[in-house]
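Peer 1: Contents of run.pdb (PDB, C-alpha atoms and all ligand atoms):
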ATOM      1  CA  MET V   1     132.449 138.574  98.251
ATOM      2  CA  SER V   2     132.744 140.709 101.357
ATOM      3  CA  TYR V   3     129.557 141.437 103.198
ATOM      4  CA  ILE V   4     128.206 144.105 105.533
ATOM      5  CA  LEU V   5     127.393 142.754 108.982
ATOM      6  CA  LEU V   6     124.134 144.402 110.030
ATOM      7  CA  ASP V   7     125.047 144.880 113.679
ATOM      8  CA  GLY V   8     121.819 145.438 115.592
ATOM      9  CA  LYS V   9     123.564 145.537 118.919
ATOM     10  CA  ASP V  10     125.678 148.469 117.797
ATOM     11  CA  LEU V  11     122.800 150.441 116.243
ATOM     12  CA  ALA V  12     120.516 149.746 119.214
ATOM     13  CA  GLY V  13     123.297 151.043 121.489
ATOM     14  CA  ARG V  14     123.546 154.271 119.494
ATOM     15  CA  MET V  15     119.766 154.681 119.523
ATOM     16  CA  LYS V  16     119.636 154.101 123.266
ATOM     17  CA  ALA V  17     122.281 156.770 123.880
ATOM     18  CA  GLU V  18     120.143 159.247 121.916
ATOM     19  CA  MET V  19     116.995 158.171 123.737
ATOM     20  CA  ARG V  20     118.672 158.567 127.121
ATOM     21  CA  GLU V  21     119.294 162.238 126.304
ATOM     22  CA  LYS V  22     115.751 162.707 125.061
ATOM     23  CA  VAL V  23     114.310 161.154 128.240
ATOM     24  CA  GLU V  24     116.567 163.328 130.419
ATOM     25  CA  ASN V  25     115.179 166.414 128.696
ATOM     26  CA  MET V  26     111.644 165.181 129.268
ATOM     27  CA  ALA V  27     112.383 164.404 132.915
ATOM     28  CA  ALA V  28     113.691 167.948 133.344
ATOM     29  CA  LYS V  29     110.149 169.066 132.465
ATOM     30  CA  GLY V  30     108.670 166.658 134.982
ATOM     31  CA  VAL V  31     107.663 163.995 132.455
ATOM     32  CA  VAL V  32     109.027 160.458 132.747
ATOM     33  CA  PRO V  33     107.834 157.868 130.197
ATOM     34  CA  GLY V  34     106.390 154.722 131.766
ATOM     35  CA  LEU V  35     106.002 151.205 130.372
ATOM     36  CA  ALA V  36     103.813 148.544 131.985
ATOM     37  CA  VAL V  37     104.972 145.017 131.200
ATOM     38  CA  VAL V  38     102.474 142.255 131.911
ATOM     39  CA  ILE V  39     103.588 138.630 132.043
ATOM     40  CA  VAL V  40     101.183 135.769 132.731
ATOM     41  CA  GLY V  41     102.429 132.321 133.730
ATOM     42  CA  ASN V  42     105.871 130.785 133.832
ATOM     43  CA  ASP V  43     107.182 130.616 130.278
ATOM     44  CA  PRO V  44     110.985 130.787 130.741
ATOM     45  CA  ALA V  45     111.627 132.503 127.386
ATOM     46  CA  SER V  46     109.030 135.170 128.211
ATOM     47  CA  ARG V  47     110.709 135.754 131.573
ATOM     48  CA  VAL V  48     114.029 136.379 129.803
ATOM     49  CA  TYR V  49     112.402 138.801 127.337
ATOM     50  CA  VAL V  50     110.586 140.702 130.081
ATOM     51  CA  ASN V  51     113.773 141.047 132.145
ATOM     52  CA  SER V  52     115.584 142.408 129.077
ATOM     53  CA  LYS V  53     112.825 144.917 128.410
ATOM     54  CA  LYS V  54     112.940 146.177 131.993
ATOM     55  CA  LYS V  55     116.720 146.510 131.828
ATOM     56  CA  ASP V  56     116.455 148.456 128.545
ATOM     57  CA  CYS V  57     113.946 150.841 130.114
ATOM     58  CA  ALA V  58     116.246 151.482 133.073
ATOM     59  CA  GLU V  59     119.162 152.174 130.721
ATOM     60  CA  VAL V  60     117.385 155.051 128.985
ATOM     61  CA  GLY V  61     115.504 156.380 132.022
ATOM     62  CA  ILE V  62     112.045 154.992 131.208
ATOM     63  CA  ARG V  63     110.106 153.843 134.265
ATOM     64  CA  SER V  64     108.933 150.243 133.981
ATOM     65  CA  PHE V  65     106.190 148.554 135.970
ATOM     66  CA  GLU V  66     106.091 144.779 135.983
ATOM     67  CA  TYR V  67     102.884 142.849 136.561
ATOM     68  CA  ALA V  68     103.716 139.159 136.931
ATOM     69  CA  LEU V  69     100.454 137.236 137.115
ATOM     70  CA  PRO V  70     100.082 133.539 137.941
ATOM     71  CA  GLU V  71      99.308 130.915 135.274
ATOM     72  CA  GLU V  72      95.751 130.505 136.608
ATOM     73  CA  THR V  73      94.842 134.201 136.177
ATOM     74  CA  THR V  74      91.314 134.544 134.805
ATOM     75  CA  GLU V  75      90.478 136.537 131.698
ATOM     76  CA  GLU V  76      88.409 138.883 133.840
ATOM     77  CA  GLN V  77      91.399 139.585 136.093
ATOM     78  CA  LEU V  78      93.729 140.238 133.158
ATOM     79  CA  LEU V  79      91.233 142.478 131.373
ATOM     80  CA  GLY V  80      90.639 144.307 134.667
ATOM     81  CA  LEU V  81      94.359 144.999 135.014
ATOM     82  CA  ILE V  82      94.493 146.313 131.437
ATOM     83  CA  ASP V  83      91.542 148.623 132.170
ATOM     84  CA  THR V  84      93.394 149.993 135.198
ATOM     85  CA  LEU V  85      96.591 150.522 133.195
ATOM     86  CA  ASN V  86      94.660 152.212 130.380
ATOM     87  CA  GLU V  87      93.456 154.780 132.941
ATOM     88  CA  ASP V  88      96.804 155.235 134.703
ATOM     89  CA  ASP V  89      98.543 158.463 133.627
ATOM     90  CA  SER V  90     101.967 157.243 134.745
ATOM     91  CA  VAL V  91     101.694 154.430 132.181
ATOM     92  CA  ASP V  92     102.353 155.497 128.579
ATOM     93  CA  GLY V  93     102.845 152.051 127.067
ATOM     94  CA  ILE V  94     101.284 148.660 127.871
ATOM     95  CA  LEU V  95     102.850 145.426 126.743
ATOM     96  CA  VAL V  96     101.360 142.009 127.419
ATOM     97  CA  GLN V  97     104.121 139.504 126.791
ATOM     98  CA  LEU V  98     102.991 136.783 124.387
ATOM     99  CA  PRO V  99     102.254 133.921 124.423
ATOM    100  CA  ILE V 100      99.705 134.006 127.247
ATOM    101  CA  PRO V 101      98.251 130.791 128.719
ATOM    102  CA  LYS V 102      95.824 128.925 126.443
ATOM    103  CA  HIS V 103      92.706 129.565 128.544
ATOM    104  CA  LEU V 104      93.013 133.308 127.860
ATOM    105  CA  ASP V 105      91.767 134.787 124.590
ATOM    106  CA  GLU V 106      94.785 136.549 123.101
ATOM    107  CA  ALA V 107      92.803 138.538 120.518
ATOM    108  CA  LYS V 108      90.436 139.817 123.212
ATOM    109  CA  VAL V 109      93.330 140.804 125.470
ATOM    110  CA  ILE V 110      95.117 142.698 122.680
ATOM    111  CA  ARG V 111      91.894 144.527 121.770
ATOM    112  CA  ARG V 112      91.455 145.665 125.375
ATOM    113  CA  ILE V 113      94.718 147.666 125.374
ATOM    114  CA  SER V 114      94.112 151.298 124.508
ATOM    115  CA  PRO V 115      95.452 151.844 120.951
ATOM    116  CA  LYS V 116      97.171 154.966 122.306
ATOM    117  CA  LYS V 117      99.210 152.793 124.709
ATOM    118  CA  ASP V 118      99.690 149.831 122.365
ATOM    119  CA  VAL V 119     103.466 150.107 121.969
ATOM    120  CA  ASP V 120     103.623 146.643 120.343
ATOM    121  CA  ALA V 121     101.252 147.888 117.618
ATOM    122  CA  PHE V 122      99.219 144.671 117.871
ATOM    123  CA  HIS V 123      95.753 146.262 118.312
ATOM    124  CA  PRO V 124      93.605 146.037 115.144
ATOM    125  CA  TYR V 125      93.357 149.843 115.166
ATOM    126  CA  ASN V 126      97.126 150.154 114.873
ATOM    127  CA  VAL V 127      97.321 147.282 112.393
ATOM    128  CA  GLY V 128      94.808 149.202 110.257
ATOM    129  CA  GLU V 129      96.776 152.448 110.519
ATOM    130  CA  LEU V 130      99.880 150.566 109.411
ATOM    131  CA  MET V 131      97.994 149.054 106.494
ATOM    132  CA  ILE V 132      96.944 152.464 105.143
ATOM    133  CA  GLY V 133     100.391 153.903 105.714
ATOM    134  CA  THR V 134      99.747 156.152 108.713
ATOM    135  CA  PRO V 135     101.054 154.129 111.678
ATOM    136  CA  ILE V 136     101.177 155.747 115.101
ATOM    137  CA  PHE V 137     103.340 152.959 116.478
ATOM    138  CA  ALA V 138     105.592 150.961 114.217
ATOM    139  CA  PRO V 139     105.571 147.222 114.985
ATOM    140  CA  CYS V 140     108.855 146.688 116.822
ATOM    141  CA  THR V 141     110.581 143.866 114.944
ATOM    142  CA  PRO V 142     109.757 144.970 111.386
ATOM    143  CA  ALA V 143     110.471 148.629 112.207
ATOM    144  CA  GLY V 144     113.784 147.657 113.778
ATOM    145  CA  ILE V 145     114.705 145.781 110.615
ATOM    146  CA  MET V 146     113.932 148.822 108.451
ATOM    147  CA  GLU V 147     116.126 150.975 110.716
ATOM    148  CA  LEU V 148     118.977 148.489 110.402
ATOM    149  CA  ILE V 149     118.750 148.440 106.601
ATOM    150  CA  LYS V 150     118.514 152.226 106.356
ATOM    151  CA  ASP V 151     121.373 152.814 108.813
ATOM    152  CA  ALA V 152     123.627 150.713 106.567
ATOM    153  CA  GLY V 153     122.658 152.945 103.615
ATOM    154  CA  LEU V 154     121.037 150.062 101.734
ATOM    155  CA  GLU V 155     118.305 150.749  99.189
ATOM    156  CA  VAL V 156     114.846 149.180  99.510
ATOM    157  CA  ALA V 157     112.856 150.922  96.755
ATOM    158  CA  GLY V 158     112.408 148.765  93.674
ATOM    159  CA  LYS V 159     113.952 145.683  95.305
ATOM    160  CA  ASN V 160     112.351 142.255  95.360
ATOM    161  CA  CYS V 161     111.668 141.460  98.988
ATOM    162  CA  VAL V 162     110.681 137.956 100.042
ATOM    163  CA  VAL V 163     109.346 137.553 103.591
ATOM    164  CA  ILE V 164     109.152 133.983 104.896
ATOM    165  CA  GLY V 165     106.502 133.788 107.613
ATOM    166  CA  ARG V 166     103.047 135.360 107.875
ATOM    167  CA  SER V 167     102.643 136.015 111.584
ATOM    168  CA  ASN V 168     100.838 139.097 112.841
ATOM    169  CA  ILE V 169     103.946 140.051 114.846
ATOM    170  CA  VAL V 170     106.568 139.828 112.115
ATOM    171  CA  GLY V 171     105.678 138.541 108.634
ATOM    172  CA  LYS V 172     102.585 140.579 107.800
ATOM    173  CA  PRO V 173     103.733 143.942 109.217
ATOM    174  CA  MET V 174     107.191 143.391 107.691
ATOM    175  CA  ALA V 175     105.648 142.960 104.260
ATOM    176  CA  MET V 176     103.635 146.137 104.762
ATOM    177  CA  LEU V 177     106.641 148.235 105.809
ATOM    178  CA  MET V 178     108.640 146.941 102.842
ATOM    179  CA  LEU V 179     105.732 147.825 100.565
ATOM    180  CA  HIS V 180     105.514 151.333 102.021
ATOM    181  CA  ASN V 181     109.214 151.654 101.251
ATOM    182  CA  ASN V 182     108.487 150.746  97.628
ATOM    183  CA  ALA V 183     109.805 147.193  97.577
ATOM    184  CA  THR V 184     108.038 144.528  95.518
ATOM    185  CA  VAL V 185     106.923 142.084  98.167
ATOM    186  CA  THR V 186     106.242 138.341  98.287
ATOM    187  CA  ILE V 187     105.061 136.604 101.465
ATOM    188  CA  CYS V 188     105.902 132.905 101.772
ATOM    189  CA  HIS V 189     104.592 130.400 104.313
ATOM    190  CA  SER V 190     104.358 126.716 105.075
ATOM    191  CA  LYS V 191     102.148 126.026 102.037
ATOM    192  CA  THR V 192     104.341 127.912  99.547
ATOM    193  CA  LYS V 193     105.385 125.762  96.606
ATOM    194  CA  ASP V 194     109.091 125.597  95.801
ATOM    195  CA  LEU V 195     110.212 127.971  98.535
ATOM    196  CA  LYS V 196     113.797 127.708  97.356
ATOM    197  CA  SER V 197     113.167 129.163  93.918
ATOM    198  CA  VAL V 198     110.995 131.984  95.320
ATOM    199  CA  CYS V 199     113.707 132.913  97.837
ATOM    200  CA  LYS V 200     116.305 132.827  95.074
ATOM    201  CA  GLN V 201     114.528 135.823  93.474
ATOM    202  CA  ALA V 202     114.951 137.945  96.590
ATOM    203  CA  ASP V 203     117.151 141.027  96.735
ATOM    204  CA  ILE V 204     116.054 141.243 100.355
ATOM    205  CA  LEU V 205     115.225 137.994 102.135
ATOM    206  CA  VAL V 206     113.578 138.157 105.569
ATOM    207  CA  ALA V 207     113.450 134.805 107.363
ATOM    208  CA  ALA V 208     110.889 134.584 110.174
ATOM    209  CA  ILE V 209     110.194 130.876 110.113
ATOM    210  CA  GLY V 210     111.262 129.470 113.458
ATOM    211  CA  LYS V 211     113.296 126.574 112.037
ATOM    212  CA  THR V 212     116.970 126.275 112.841
ATOM    213  CA  GLU V 213     119.180 127.263 109.903
ATOM    214  CA  LEU V 214     116.683 126.246 107.220
ATOM    215  CA  ILE V 215     118.010 128.913 104.888
ATOM    216  CA  THR V 216     121.211 127.735 103.224
ATOM    217  CA  SER V 217     123.100 129.176 100.247
ATOM    218  CA  GLU V 218     120.730 127.299  97.906
ATOM    219  CA  TYR V 219     117.963 129.717  98.920
ATOM    220  CA  VAL V 220     119.998 132.865  98.482
ATOM    221  CA  LYS V 221     120.685 134.974  95.414
ATOM    222  CA  GLU V 222     124.193 136.338  94.915
ATOM    223  CA  GLY V 223     124.412 139.805  96.518
ATOM    224  CA  ALA V 224     121.162 139.531  98.495
ATOM    225  CA  ILE V 225     120.503 141.246 101.826
ATOM    226  CA  VAL V 226     119.556 138.548 104.343
ATOM    227  CA  ILE V 227     117.649 139.354 107.545
ATOM    228  CA  ASP V 228     117.382 136.584 110.130
ATOM    229  CA  VAL V 229     114.508 136.985 112.601
ATOM    230  CA  GLY V 230     114.907 133.443 113.941
ATOM    231  CA  MET V 231     115.512 132.784 117.638
ATOM    232  CA  ASN V 232     115.628 129.022 117.940
ATOM    233  CA  ARG V 233     117.211 126.683 120.441
ATOM    234  CA  THR V 234     118.783 123.419 119.366
ATOM    235  CA  PRO V 235     118.187 120.375 121.616
ATOM    236  CA  GLU V 236     121.657 121.103 123.035
ATOM    237  CA  GLY V 237     120.489 124.607 124.003
ATOM    238  CA  ARG V 238     122.453 126.556 121.377
ATOM    239  CA  LEU V 239     120.734 129.752 120.141
ATOM    240  CA  THR V 240     120.365 129.670 116.359
ATOM    241  CA  GLY V 241     118.720 131.721 113.656
ATOM    242  CA  ASP V 242     116.647 130.597 110.676
ATOM    243  CA  VAL V 243     119.652 131.190 108.420
ATOM    244  CA  ASN V 244     122.825 129.135 108.191
ATOM    245  CA  PHE V 245     125.134 132.140 108.502
ATOM    246  CA  GLU V 246     128.381 130.330 107.684
ATOM    247  CA  ASP V 247     126.897 128.759 104.587
ATOM    248  CA  VAL V 248     125.404 131.950 103.105
ATOM    249  CA  LYS V 249     127.854 134.639 104.220
ATOM    250  CA  GLU V 250     130.102 134.517 101.136
ATOM    251  CA  LYS V 251     127.113 134.966  98.873
ATOM    252  CA  VAL V 252     125.326 137.924 100.505
ATOM    253  CA  SER V 253     125.942 141.683 100.374
ATOM    254  CA  ALA V 254     124.641 142.170 103.921
ATOM    255  CA  ILE V 255     123.408 139.921 106.709
ATOM    256  CA  THR V 256     122.243 140.088 110.336
ATOM    257  CA  PRO V 257     123.932 137.867 112.925
ATOM    258  CA  VAL V 258     122.033 135.834 115.552
ATOM    259  CA  PRO V 259     122.341 136.917 118.284
ATOM    260  CA  GLY V 260     123.091 140.638 117.924
ATOM    261  CA  GLY V 261     121.087 141.412 114.790
ATOM    262  CA  VAL V 262     117.320 141.803 114.832
ATOM    263  CA  GLY V 263     116.763 141.072 118.553
ATOM    264  CA  PRO V 264     118.391 144.230 119.956
ATOM    265  CA  MET V 265     116.554 146.309 117.335
ATOM    266  CA  THR V 266     113.167 144.945 118.411
ATOM    267  CA  ARG V 267     113.986 145.976 121.955
ATOM    268  CA  ALA V 268     115.173 149.438 120.900
ATOM    269  CA  MET V 269     111.971 150.080 118.943
ATOM    270  CA  LEU V 270     109.870 149.316 122.010
ATOM    271  CA  LEU V 271     111.665 152.166 123.768
ATOM    272  CA  VAL V 272     111.142 154.431 120.745
ATOM    273  CA  ASN V 273     107.409 153.668 120.842
ATOM    274  CA  THR V 274     107.153 154.218 124.593
ATOM    275  CA  ILE V 275     108.813 157.629 124.308
ATOM    276  CA  LYS V 276     106.541 158.452 121.372
ATOM    277  CA  ALA V 277     103.472 157.444 123.392
ATOM    278  CA  CYS V 278     104.596 159.643 126.261
ATOM    279  CA  ASN V 279     105.149 162.576 123.905
ATOM    280  CA  MET V 280     101.620 162.119 122.590
ATOM    281  CA  HIS V 281      99.994 161.778 126.014
ATOM    282  CA  LYS V 282     101.885 164.630 127.644
ATOM    283  CA  ALA V 283     102.392 166.996 124.711
ATOM    284  CA  ASN V 284     100.927 169.862 126.753
ATOM    285  CA  MET V 285     103.596 169.450 129.455
ATOM    286  CA  LEU V 286     106.467 169.136 126.983
ATOM    287  CA  SER V 287     105.826 172.076 124.680
TER     288      SER V 287
HETATM  289  N1  LIG C 301     106.391 137.640 122.211
HETATM  290  C1  LIG C 301     107.319 137.486 121.241
HETATM  291  N2  LIG C 301     107.599 138.660 120.680
HETATM  292  C2  LIG C 301     106.838 139.577 121.294
HETATM  293  C3  LIG C 301     106.682 140.986 121.142
HETATM  294  O1  LIG C 301     107.300 141.641 120.301
HETATM  295  N3  LIG C 301     105.791 141.578 121.986
HETATM  296  C4  LIG C 301     105.081 140.877 122.889
HETATM  297  N4  LIG C 301     104.223 141.539 123.645
HETATM  298  N5  LIG C 301     105.189 139.578 123.053
HETATM  299  C5  LIG C 301     106.074 138.936 122.254
END
Before anything else, please render the file you have as structure tokens.
Peer 2:
Amino acid sequence: MSYILLDGKDLAGRMKAEMREKVENMAAKGVVPGLAVVIVGNDPASRVYVNSKKKDCAEVGIRSFEYALPEETTEEQLLGLIDTLNEDDSVDGILVQLPIPKHLDEAKVIRRISPKKDVDAFHPYNVGELMIGTPIFAPCTPAGIMELIKDAGLEVAGKNCVVIGRSNIVGKPMAMLMLHNNATVTICHSKTKDLKSVCKQADILVAAIGKTELITSEYVKEGAIVIDVGMNRTPEGRLTGDVNFEDVKEKVSAITPVPGGVGPMTRAMLLVNTIKACNMHKANMLS
């Protein structure tokens, strides 16, 4: 069976070209979207992600402001910075790169970000809006996945969608977006019984597990769409997904590669949300 390669790098590139034009038009009216990126501590993966996000912003003309805070930053200092950024009109979006050091209360930090600047859509206010189907900001990874599926002309309504993983960042919002698009949704997790047979029912299988190439052809129904959210490193340092691409590719109708699938879409959606935030904050200057 031949399959469609869901090329996130390509779609993200097309989206960025469109966004660049949009931002140029805004800049011509004196409005430049701004994204504040906060990183606390020395997690090497977070450093790579933050650098990528800054580069993406520069590519489309969004101004980015990096706040790199030391590992020993106190909660009071971090919350104080968020308060300042909430009040700063040049900042449309605020992103605190996760994970943050253990001595800081992640839930408290997320709640401190103004929902109007919460371009990750992690604040409970935005989670609630998503739940009732009126999101202001779409959560980046799940929204990027929906864009990728839609761009390929693939149908979601009426399909059985199985999401593996129940994180607040991916699994739960993914399930909600699939539901809003009229899929029948199952969420699996580490306590799910007979994961293989549940996955085998999926027309759309979203793997957000964090285990190298767990998903083999035994988990996949003939003709399924397979979305791999995994970003794992083997002990040798090789980047792998949660899906064994080579093993499943002959069985699927469409599949995302790792790298070059979901990752670039997550990054593109952050830019979409930042531009949206700016449009909301500065509507009076843009009309
Ligand atoms: N860490 C891993 N993924 C993400 C993300 O999408 N946003 C933030 N802020 N931190 C992350």
Peer 1: Would you kindly translate the PyMOL selection byres (((chain V and resi 88-100) around 7) and not hetatm) into the concrete residues it picks from this file, as a ChimeraX atom specification?
Peer 2: /V:33-40,46,84-87,101-102,104,106,117-120,274,277-278
Peer 1: So, counting all atoms listed in the file, which residue among V:Met131, V:Ala143, V:Leu205, V:Leu69 is closest to Lys159 in chain V?
Peer 2: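 Of all the options, V:Leu205 lies closest to Lys159 in chain V.
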Peer 1: Give as a ChimeraX atom specification every residue, naming chains and numbers as the document does, that has an atom within 10 Å of (116.2, 139.6, 111.1), counting all atoms listed in the file.
Peer 2: /V:6,8,141-142,144-146,148,170,205-208,226-231,241-243,255-263,265-266
Peer 1: Just the number, please: distance in Å from CA of Asn51 in chain V to CA of Gly30 in chain V, one decimal.
Peer 2: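 Interatomic distance, CA of Asn51 in chain V to CA of Gly30 in chain V: 26.3 Å.
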Peer 1: Which residue, V:Ile62, V:Gly165, V:Gln201, V:Thr74, has the smallest gap to Ile187 in chain V when you use only C-alpha atoms?
Peer 2: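 Selected residue with least distance to Ile187 in chain V: V:Gly165.
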Peer 1: When you draw a straight line from CA of Gly61 in chain V to CA of Ile110 in chain V, how long is it in Å?
Peer 2: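 It comes out at 26.3 Å.
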Peer 1: Could you give me, as JSON, numbers by chain, the residues that have an atom at most 8 Å away from the point (110.9, 138.7, 101.3) in the coordinates of the file, using all atoms listed in the file?
Peer 2: {"V": [160, 161, 162, 163, 164, 175, 185, 186, 187, 188, 199, 202, 204, 205, 206, 207]}
Peer 1: Could you tell me which of V:Val272, V:His103, V:Ala27, V:Ser287 comes closest to Cys57 in chain V if we count all atoms listed in the file?
Peer 2: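 Using all atoms listed in the file, Cys57 in chain V sits closest to V:Val272.
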Peer 1: Rank V:Ile113, V:Leu177, V:Ile169, V:Ile149 by their smallest atom-to-atom distance to Ile132 in chain V, using all atoms listed in the file, and report the top residue only.
Peer 2: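 Of all the options, V:Leu177 lies closest to Ile132 in chain V.
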Peer 1: Let me have the centre and edge lengths in Å, one decimal, of the box along x, y and z around every listed atom of ligand LIG 301 (chain C) with 6 Å of margin on each side, as JSON.
Peer 2:
{"center_x": 105.9, "center_y": 139.6, "center_z": 122.0, "size_x": 15.4, "size_y": 16.2, "size_z": 15.3}
Peer 1: Using only C-alpha atoms and all ligand atoms, can you tell me which of V:Gly223, V:Pro44, V:Gly158, V:Pro235 comes closest to ligand LIG 301 (chain C)?
Peer 2: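 For ligand LIG 301 (chain C), the nearest of the candidates is V:Pro44.
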Peer 1: Please report the interatomic distance between CA of Asp105 in chain V and CA of Glu76 in chain V in Å with one decimal.
Peer 2: 10.7 Å
Peer 1: Near Ala28 in chain V, counting all atoms listed in the file, which residues have an atom at most 12 Å away, once you skip same-chain residues fewer than 5 positions from it, shown as JSON, numbers by chain?
Peer 2: {"V": [21, 22, 23, 61, 285, 286]}
Peer 1: Let me see the file: selected residues, C-alpha atoms, as a PDB file, keeping the file's coordinate frame.
Peer 2:
ATOM      1  CA  GLU V  21     119.294 162.238 126.304  1.00  0.00           C
ATOM      2  CA  LYS V  22     115.751 162.707 125.061  1.00  0.00           C
ATOM      3  CA  VAL V  23     114.310 161.154 128.240  1.00  0.00           C
ATOM      4  CA  GLY V  61     115.504 156.380 132.022  1.00  0.00           C
ATOM      5  CA  MET V 285     103.596 169.450 129.455  1.00  0.00           C
ATOM      6  CA  LEU V 286     106.467 169.136 126.983  1.00  0.00           C
TER       7      LEU V 286
END
Peer 1: Looking at V:Leu214, V:Val50, V:Leu239, V:Leu79, which one is nearest to Glu66 in chain V, with distances taken over only C-alpha atoms?
Peer 2: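 Looking at the shortest contact to Glu66 in chain V, the residue is V:Val50.
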Peer 1: For Ser217 in chain V, list every protein, DNA or RNA residue within 10 Å, evaluated using only C-alpha atoms, and leave out those in the same chain fewer than 6 positions away; present the list as JSON, numbers by chain.
Peer 2: {"V": [196, 200, 243, 244, 245, 246, 247, 248, 249, 250, 251, 252]}
